[in-house]
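Note: the block below is model15.cif and it holds mmCIF, C-alpha atoms.
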data_structure
#
loop_
_atom_site.label_atom_id
_atom_site.label_comp_id
_atom_site.auth_asym_id
_atom_site.auth_seq_id
_atom_site.Cartn_x
_atom_site.Cartn_y
_atom_site.Cartn_z
CA MET A 635 -39.73 20.18 -15.42
CA TYR A 636 -36.87 21.66 -13.42
CA TRP A 637 -34.28 19.33 -11.94
CA ILE A 638 -30.96 19.64 -10.15
CA ARG A 639 -28.29 16.93 -10.22
CA GLY A 640 -27.73 16.15 -6.58
CA PHE A 641 -27.98 13.29 -5.77
CA GLY A 642 10.36 1.87 21.67
CA HIS A 643 9.44 1.05 17.77
CA ASN A 644 10.89 -1.47 15.39
CA VAL A 645 11.83 0.05 12.05
CA ALA A 646 12.37 -1.77 8.78
CA PHE A 647 13.25 -0.45 5.34
CA ALA A 648 12.65 -2.73 2.40
CA THR A 649 15.58 -2.37 -0.02
CA PRO A 650 17.37 -4.75 -2.37
CA ALA A 651 20.38 -6.45 -0.86
CA GLY A 652 23.21 -8.72 -1.79
CA PHE A 653 26.13 -10.18 0.12
CA ARG A 654 28.57 -7.47 -0.98
CA GLN A 655 26.19 -4.72 -0.04
CA GLY A 656 25.66 -6.35 3.36
CA VAL A 657 29.42 -6.48 4.01
CA ALA A 658 29.86 -2.87 2.91
CA GLU A 659 26.99 -1.71 5.13
CA ARG A 660 28.37 -3.59 8.16
CA ARG A 661 31.74 -1.89 7.64
CA MET A 662 29.99 1.46 7.33
CA TRP A 663 28.08 0.83 10.58
CA CYS A 664 31.23 -0.25 12.42
CA HIS A 665 32.97 2.93 11.29
CA ARG A 666 30.06 5.15 12.32
CA LEU A 667 29.49 3.39 15.64
CA SER A 668 33.20 3.75 16.41
CA HIS A 669 33.04 7.42 15.46
CA LEU A 670 29.95 7.90 17.62
CA GLN A 671 31.60 6.13 20.58
CA ILE A 672 34.59 8.49 20.42
CA ARG A 673 32.36 11.55 20.26
CA LEU A 674 30.24 10.33 23.17
CA GLN A 675 33.38 9.75 25.23
CA ASP A 676 34.51 13.29 24.45
CA LEU A 677 31.11 14.53 25.57
CA LEU A 678 31.41 12.70 28.90
CA ARG A 679 34.91 14.11 29.45
CA GLY A 680 33.77 17.63 28.70
CA ARG A 681 35.91 17.96 25.58
CA VAL A 682 33.08 19.17 23.35
CA THR A 683 32.08 22.81 23.39
CA CYS A 684 28.50 24.09 23.39
CA TRP A 685 28.88 24.93 19.71
CA ALA A 686 29.91 21.37 18.94
CA LEU A 687 26.93 20.05 20.89
CA GLN A 688 24.61 22.07 18.72
CA GLN A 689 26.27 20.73 15.59
CA LEU A 690 26.17 17.07 16.62
CA ASN A 691 23.88 15.59 13.97
CA PHE A 692 22.64 12.15 14.86
CA LYS A 693 20.87 11.91 11.50
CA SER A 694 24.25 12.01 9.80
CA LEU A 695 25.42 9.18 12.04
CA PHE A 696 22.20 7.24 11.47
CA PRO A 697 21.05 8.40 8.00
CA LEU A 698 17.99 6.17 8.01
CA ALA A 699 17.61 3.23 10.34
CA ILE A 700 18.41 -0.45 10.32
CA HIS A 701 18.19 -1.87 6.79
CA TRP A 702 16.40 -5.17 6.55
CA HIS A 703 17.28 -6.91 3.33
CA HIS A 704 14.41 -8.21 1.26
CA THR A 705 13.73 -9.17 -2.30
CA ALA A 706 11.83 -5.97 -2.98
CA SER A 707 12.84 -3.91 -5.99
CA LYS A 708 14.48 -0.52 -5.77
CA SER A 709 11.25 1.16 -6.89
CA LEU A 710 9.24 -0.36 -4.02
CA ASN A 711 10.34 2.22 -1.45
CA CYS A 712 8.44 0.60 1.42
CA VAL A 713 9.04 1.53 5.07
CA TRP A 714 7.21 0.10 8.06
CA ARG A 715 7.27 0.59 11.80
CA GLN A 716 5.79 -1.65 14.47
CA HIS A 717 4.31 0.42 17.31
CA THR A 718 2.80 -0.99 20.48
CA ASP A 719 -0.78 -0.17 19.48
CA HIS A 720 -0.67 0.15 15.69
CA PHE A 721 1.27 -0.63 12.53
CA GLU A 722 2.68 2.26 10.48
CA LEU A 723 3.36 1.80 6.77
CA GLN A 724 4.90 4.21 4.29
CA TYR A 725 4.29 3.13 0.72
CA ALA A 726 3.16 4.71 -2.58
CA ASN A 727 3.86 8.20 -1.18
CA THR A 728 1.33 7.57 1.60
CA VAL A 729 1.89 7.18 5.34
CA MET A 730 -0.77 4.82 6.74
CA ARG A 731 -1.63 3.65 10.23
CA PHE A 732 -3.49 0.40 10.93
CA ASP A 733 -4.88 -0.80 14.23
CA TYR A 734 -3.80 -4.38 14.95
CA VAL A 735 -7.40 -5.43 15.72
CA TRP A 736 -8.45 -4.09 12.31
CA LEU A 737 -5.61 -5.97 10.61
CA ARG A 738 -6.47 -9.24 12.33
CA ASP A 739 -10.17 -8.76 11.62
CA HIS A 740 -9.49 -8.15 7.92
CA CYS A 741 -7.47 -11.31 7.37
CA ARG A 742 -8.35 -12.79 4.00
CA SER A 743 -7.17 -16.34 4.67
CA ALA A 744 -9.55 -19.23 3.88
CA SER A 745 -10.31 -19.78 7.58
CA CYS A 746 -11.21 -16.12 8.18
CA TYR A 747 -12.89 -15.02 4.95
CA ASN A 748 -15.20 -16.61 2.38
CA SER A 749 -13.92 -15.37 -0.96
CA LYS A 750 -16.98 -16.74 -2.81
CA THR A 751 -19.54 -14.76 -0.78
CA HIS A 752 -17.13 -11.93 0.18
CA GLN A 753 -18.17 -12.35 3.81
CA ARG A 754 -16.13 -12.62 6.98
CA SER A 755 -15.91 -16.03 8.69
CA LEU A 756 -13.85 -14.82 11.64
CA ASP A 757 -15.78 -13.87 14.79
CA THR A 758 -14.66 -10.28 15.37
CA ALA A 759 -15.54 -10.51 19.06
CA SER A 760 -12.96 -13.29 19.43
CA VAL A 761 -10.08 -10.95 18.53
CA ASP A 762 -8.09 -9.77 21.56
CA LEU A 763 -8.37 -5.96 21.74
CA CYS A 764 -4.71 -5.82 22.80
CA ILE A 765 -3.49 -8.13 20.05
CA GLN A 766 -0.03 -7.56 18.56
CA PRO A 767 1.77 -9.56 15.88
CA LYS A 768 4.69 -11.74 16.97
CA THR A 769 6.58 -11.14 13.74
CA ILE A 770 6.23 -9.09 10.55
CA ARG A 771 8.12 -9.71 7.34
CA LEU A 772 7.99 -8.41 3.79
CA ASP A 773 8.34 -10.62 0.72
CA GLU A 774 8.25 -8.73 -2.59
CA THR A 775 4.99 -6.73 -2.32
CA THR A 776 3.33 -8.78 0.42
CA LEU A 777 3.47 -8.30 4.19
CA PHE A 778 3.19 -11.37 6.40
CA PHE A 779 1.90 -10.99 9.96
CA THR A 780 2.29 -13.90 12.39
CA TRP A 781 -0.14 -13.58 15.30
CA PRO A 782 0.31 -14.92 18.88
CA ASP A 783 -1.68 -18.09 18.10
CA GLY A 784 0.55 -18.84 15.11
CA HIS A 785 -2.00 -17.77 12.49
CA VAL A 786 -0.40 -16.02 9.51
CA THR A 787 -2.11 -13.19 7.63
CA ARG A 788 -0.83 -11.84 4.34
CA TYR A 789 -1.56 -8.33 3.06
CA ASP A 790 -0.76 -7.05 -0.41
CA LEU A 791 0.72 -3.55 -0.14
CA ASP A 792 -1.65 -2.13 -2.77
CA TRP A 793 -4.61 -3.66 -0.91
CA LEU A 794 -3.53 -1.88 2.27
CA VAL A 795 -3.27 1.45 0.44
CA LYS A 796 -6.72 0.97 -1.09
CA ASN A 797 -8.35 0.09 2.24
CA SER A 798 -6.55 2.52 4.54
CA TYR A 799 -8.11 5.72 5.84
CA GLU A 800 -5.24 7.67 4.34
CA GLY A 801 -5.69 5.99 0.96
CA GLN A 802 -9.43 6.70 0.99
CA LYS A 803 -8.74 10.39 1.60
CA GLN A 804 -6.87 10.54 -1.71
CA LYS A 805 -9.45 8.56 -3.65
CA VAL A 806 -12.39 10.05 -5.56
CA ILE A 807 -15.44 7.79 -5.34
CA GLN A 808 -17.22 9.17 -8.41
CA PRO A 809 -15.34 11.30 -10.99
CA ARG A 810 -17.60 14.00 -12.42
CA ILE A 811 -17.57 16.67 -15.08
CA LEU A 812 -19.14 19.79 -13.60
CA TRP A 813 -21.08 21.95 -16.03
CA ASN A 814 -23.17 24.99 -16.68
CA ALA A 815 -25.13 25.70 -19.87
CA GLU A 816 -22.07 26.82 -21.83
CA ILE A 817 -19.87 23.89 -20.77
CA TYR A 818 -22.56 21.30 -21.50
CA GLN A 819 -23.38 22.75 -24.92
CA GLN A 820 -19.71 22.79 -25.90
CA ALA A 821 -19.29 19.18 -24.75
CA GLN A 822 -21.92 18.05 -27.27
CA VAL A 823 -22.71 14.92 -25.28
CA PRO A 824 -24.39 12.45 -27.66
CA SER A 825 -27.69 10.75 -26.87
CA VAL A 826 -28.16 6.98 -27.24
CA ASP A 827 -30.70 5.29 -29.50
CA PHE A 828 -33.33 3.22 -27.70
CA GLN A 829 -32.67 -0.01 -29.61
CA SER A 830 -28.91 0.29 -29.12
CA PHE A 831 -29.43 1.05 -25.45
CA LEU A 832 -31.75 -1.92 -24.98
CA GLU A 833 -30.01 -4.55 -27.11
CA THR A 834 -26.26 -3.82 -26.96
CA ASN A 835 -23.78 -3.48 -24.12
CA GLU A 836 -22.04 -0.70 -26.05
CA GLY A 837 -25.23 1.39 -26.07
CA LEU A 838 -25.74 0.83 -22.35
CA LYS A 839 -22.08 1.63 -21.68
CA ASN A 840 -22.29 4.93 -23.56
CA PHE A 841 -25.41 5.91 -21.66
CA LEU A 842 -23.91 5.06 -18.26
CA GLN A 843 -20.66 6.90 -19.03
CA ASN A 844 -22.58 10.06 -19.87
CA PHE A 845 -24.85 9.69 -16.86
CA LEU A 846 -22.06 9.10 -14.34
CA LEU A 847 -19.88 11.93 -15.68
CA TYR A 848 -22.54 14.59 -16.24
CA GLY A 849 -25.42 13.45 -14.02
CA ILE A 850 -27.85 13.46 -16.98
CA ALA A 851 -28.17 11.35 -20.12
CA PHE A 852 -30.69 11.03 -22.94
CA VAL A 853 -32.19 8.06 -24.80
CA GLU A 854 -33.90 8.84 -28.13
CA ASN A 855 -36.70 7.12 -30.05
CA VAL A 856 -38.34 5.52 -27.02
CA PRO A 857 -41.94 4.53 -27.84
CA PRO A 858 -44.31 6.77 -25.82
CA THR A 859 -45.69 4.12 -23.49
CA GLN A 860 -45.21 3.37 -19.82
CA GLU A 861 -44.25 -0.22 -20.68
CA HIS A 862 -41.31 0.85 -22.85
CA THR A 863 -40.25 3.42 -20.28
CA GLU A 864 -40.27 0.72 -17.60
CA LYS A 865 -38.22 -1.60 -19.80
CA LEU A 866 -35.67 1.20 -20.24
CA ALA A 867 -35.54 1.88 -16.50
CA GLU A 868 -35.02 -1.80 -15.66
CA ARG A 869 -32.07 -1.89 -18.06
CA ILE A 870 -30.34 0.61 -15.75
CA SER A 871 -31.23 -0.62 -12.28
CA LEU A 872 -33.90 -1.93 -9.94
CA ILE A 873 -37.01 0.23 -9.69
CA ARG A 874 -37.80 1.40 -6.16
CA GLU A 875 -41.24 1.33 -4.65
CA THR A 876 -42.51 4.76 -3.56
CA ILE A 877 -45.74 6.32 -2.26
CA TYR A 878 -46.57 6.91 -5.94
CA GLY A 879 -45.80 3.35 -6.99
CA ARG A 880 -42.91 2.01 -9.06
CA MET A 881 -43.92 3.68 -12.35
CA TRP A 882 -46.59 6.34 -12.63
CA TYR A 883 -48.18 8.95 -14.87
CA PHE A 884 -48.63 12.52 -13.77
CA THR A 885 -50.28 15.50 -15.37
CA SER A 886 -51.83 18.77 -14.26
CA ASP A 887 -55.02 17.32 -12.74
CA PHE A 888 -54.15 17.71 -9.02
CA SER A 889 -54.89 14.05 -8.41
CA ARG A 890 -52.09 14.10 -5.83
CA GLY A 891 -51.17 16.73 -3.27
CA ASP A 892 -48.06 17.83 -5.11
CA THR A 893 -47.29 20.96 -7.13
CA ALA A 894 -46.06 18.71 -9.97
CA TYR A 895 -49.73 17.82 -10.54
CA THR A 896 -50.70 21.46 -11.18
CA LYS A 897 -50.09 23.98 -13.97
CA LEU A 898 -47.81 26.02 -11.72
CA ALA A 899 -44.16 26.30 -12.75
CA LEU A 900 -41.63 24.45 -10.63
CA ASP A 901 -38.29 26.14 -10.13
CA ARG A 902 -34.99 24.30 -9.71
CA HIS A 903 -35.18 21.57 -7.08
CA THR A 904 -34.25 18.01 -6.18
CA ASP A 905 -36.95 15.36 -5.67
CA THR A 906 -37.56 12.93 -2.77
CA THR A 907 -35.61 15.00 -0.22
CA TYR A 908 -38.11 13.63 2.32
CA PHE A 909 -36.83 10.06 1.83
CA GLN A 910 -34.20 8.89 4.27
CA GLU A 911 -32.34 7.78 1.13
CA PRO A 912 -33.39 10.07 -1.76
CA CYS A 913 -33.66 8.54 -5.22
CA GLY A 914 -30.33 8.23 -6.97
CA ILE A 915 -31.70 8.00 -10.53
CA GLN A 916 -34.92 9.45 -11.93
CA VAL A 917 -36.32 8.64 -15.37
CA PHE A 918 -38.62 11.16 -17.09
CA HIS A 919 -40.43 10.46 -20.34
CA CYS A 920 -42.87 12.90 -21.94
CA LEU A 921 -45.58 10.68 -23.42
CA LYS A 922 -47.88 13.41 -24.69
CA HIS A 923 -47.69 17.18 -25.02
CA GLU A 924 -50.45 19.58 -26.09
CA GLY A 925 -50.34 23.36 -26.12
CA THR A 926 -47.46 25.43 -24.83
CA GLY A 927 -45.20 25.31 -21.77
CA GLY A 928 -43.70 22.30 -20.10
CA ARG A 929 -40.17 23.56 -20.57
CA THR A 930 -37.44 21.38 -19.04
CA LEU A 931 -34.64 23.08 -17.11
CA LEU A 932 -31.66 21.03 -15.96
CA VAL A 933 -29.09 22.38 -13.51
CA ASP A 934 -25.86 20.78 -12.26
CA GLY A 935 -26.16 21.07 -8.49
CA PHE A 936 -22.60 19.80 -8.06
CA TYR A 937 -21.33 22.70 -10.18
CA ALA A 938 -23.32 25.15 -8.02
CA ALA A 939 -21.99 23.54 -4.84
CA GLU A 940 -18.43 23.80 -6.14
CA GLN A 941 -18.98 27.53 -6.73
CA VAL A 942 -20.12 27.89 -3.11
CA LEU A 943 -17.08 25.94 -1.89
CA GLN A 944 -14.68 28.14 -3.85
CA LYS A 945 -16.28 31.50 -3.04
CA VAL A 946 -17.65 31.04 0.50
CA PRO A 947 -16.22 27.82 1.99
CA GLU A 948 -17.64 28.57 5.43
CA GLU A 949 -21.16 28.49 3.97
CA PHE A 950 -20.40 25.19 2.19
CA GLU A 951 -19.33 23.81 5.57
CA LEU A 952 -22.56 25.06 7.14
CA LEU A 953 -24.71 23.45 4.45
CA SER A 954 -22.82 20.15 4.79
CA GLN A 955 -22.89 19.93 8.58
CA VAL A 956 -26.32 21.13 9.74
CA PRO A 957 -29.05 18.47 9.39
CA LEU A 958 -32.52 19.62 8.35
CA LYS A 959 -35.95 17.99 8.37
CA HIS A 960 -37.37 17.59 4.86
CA GLU A 961 -41.12 16.88 4.89
CA TYR A 962 -43.78 15.77 2.45
CA ILE A 963 -47.37 16.26 3.66
CA GLU A 964 -50.24 15.07 1.48
CA ASN A 965 -53.97 15.07 2.21
CA VAL A 966 -55.81 14.79 -1.10
CA GLY A 967 -58.60 12.30 -1.73
CA GLU A 968 -57.52 8.92 -0.42
CA CYS A 969 -53.85 9.89 -0.28
CA HIS A 970 -52.69 10.70 3.24
CA ASN A 971 -48.91 10.75 3.62
CA HIS A 972 -46.51 12.47 5.94
CA MET A 973 -42.88 11.60 5.26
CA ILE A 974 -39.78 13.06 6.94
CA GLY A 975 -36.18 12.74 5.81
CA VAL A 976 -33.35 14.16 7.90
CA GLY A 977 -30.03 15.29 6.49
CA PRO A 978 -27.94 18.31 5.48
CA VAL A 979 -28.46 20.11 2.18
CA LEU A 980 -25.01 18.99 1.01
CA ASN A 981 -23.97 15.44 1.89
CA VAL A 982 -20.21 14.73 1.77
CA TYR A 983 -18.10 11.69 2.53
CA PRO A 984 -16.41 12.46 5.87
CA TRP A 985 -13.02 10.98 4.91
CA ASN A 986 -12.37 12.99 1.71
CA LYS A 987 -15.09 15.71 1.76
CA GLU A 988 -16.38 14.56 -1.63
CA LEU A 989 -19.95 15.71 -2.33
CA TYR A 990 -22.30 12.85 -3.22
CA LEU A 991 -25.89 14.03 -2.58
CA ILE A 992 -27.85 17.28 -2.52
CA ARG A 993 -31.16 17.81 -0.75
#

Would you mind giving the structure from this file in structure tokens?
Amino acid sequence: MYWIRGFGHNVAFATPAGFRQGVAERRMWCHRLSHLQIRLQDLLRGRVTCWALQQLNFKSLFPLAIHWHHTASKSLNCVWRQHTDHFELQYANTVMRFDYVWLRDHCRSASCYNSKTHQRSLDTASVDLCIQPKTIRLDETTLFFTWPDGHVTRYDLDWLVKNSYEGQKQKVIQPRILWNAEIYQQAQVPSVDFQSFLETNEGLKNFLQNFLLYGIAFVENVPPTQEHTEKLAERISLIRETIYGRMWYFTSDFSRGDTAYTKLALDRHTDTTYFQEPCGIQVFHCLKHEGTGGRTLLVDGFYAAEQVLQKVPEEFELLSQVPLKHEYIENVGECHNHMIGVGPVLNVYPWNKELYLIR
């Protein structure tokens, strides 16, 4: 068996503030505004040379923007701007932009969202496409938007980062350890005993950690029956129905129109490329072996893809952008199937270019 792992802009700065700081800042502003007024008058009277015009630094006169005083801590470092068509937020070293319709539609208040079913109650079509908030205020780490109809929506800053496009670009959906033969052998990834896997959460956890990180994992001492194999598979996830069934035997008898049912060697490949959604997990269990052969070869397709990305990125882009037809044609006995799955060889998330599936 050979297998590849594939599968005009209001600006607010949230800073701590007290009465003394407010007085000091007002004095500072009065001084700078007075200074600016004098320099502008000189400009109008022609008293400033071209050199002075080039040196006039408005950033020094307005080092940031208007400070709105909130109860946020010094470490918060939150800046927001209200544009006519979107809301801009700078927080956690990320600049994010949110459409007002999206913000209104994602309100998590009791009247707009059912927290028990995690489903929206608000009718999205009822949201005005030109909606803008009447007011925005920050309290600690929560933004409050008041909409034209008086409805108030609250957004936690961390929630906005997590759900923003910009935040998603920085987030890895599935951390992986990429490997070749040498790396995997040195890692000495332990297998899990069947009874521990079946009866304890710790055994299941160890298996899943190995599987998610490396793309393969092994369970030892499984009785050589289809029933025990099925019990193992159901411990991991639901079993999908396929043209072969949910669970099935196969051997070299050519009972199906597939090379896997012959004595011919299969080179490295991924299965079910002809499904619109290829299988995410496959379980193999050798129930009986006689004679020689039957060697198992496992390859990390994500490692291979990373090599392509590093060495010839333009070819990685080609493989991730051009969709192909993947077909399975079978006409043997009573089995007549023709399945077509469409998709590129390398499937990546469009927002962060993370590889998640290989056909």

Quiz item: What separation in Å, quoted to one decimal, exists between atom CA of A:His752 and atom CA of A:Lys805?
Solution: 22.2 Å

Self-check item: Atomic distance atom CA of A:Pro782 - atom CA of A:Gly801, expressed in Å with one decimal
Solution: 28.2 Å

Quiz item: Any idea what's packed within 6 Å of stretch 874-886 of chain A, counting all atoms listed in the file, ignoring anything in its chain fewer than 4 positions away? Could you give it as a list of chain:residue names?
Solution: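 So the residues in contact are A:Tyr895, A:Thr896, A:Lys897.
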
Please list as a compact mmCIF listing (two decimals) with C-alpha atoms, keeping the file's coordinate frame every residue within 8 Å of A:Phe841, counting all atoms listed in the file and excluding residues in the same chain fewer than 6 positions away.
# COMPACT_ATOMS: atom_id res chain seq x y z
CA SER A 825 -27.69 10.75 -26.87
CA VAL A 826 -28.16 6.98 -27.24
CA PHE A 831 -29.43 1.05 -25.45
CA ALA A 851 -28.17 11.35 -20.12
CA PHE A 852 -30.69 11.03 -22.94
CA VAL A 853 -32.19 8.06 -24.80

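Across the model, the gap from atom CA of A:Lys839 to atom CA of A:His862 is 19.3 Å.
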
Practice problem: Give the answer as one residue: which of A:Arg754, A:Arg738, A:His923, A:Arg771 has the shortest atom-to-atom distance to A:Trp714, using only C-alpha atoms? | Solution: A:Arg771

Practice problem: Apply the PyMOL selection byres ((chain A and resi 967-969) around 9) to the file shown and report the selected residues as an NGL selection string. | Solution: :A and (889-891 or 964-966 or 970-971)
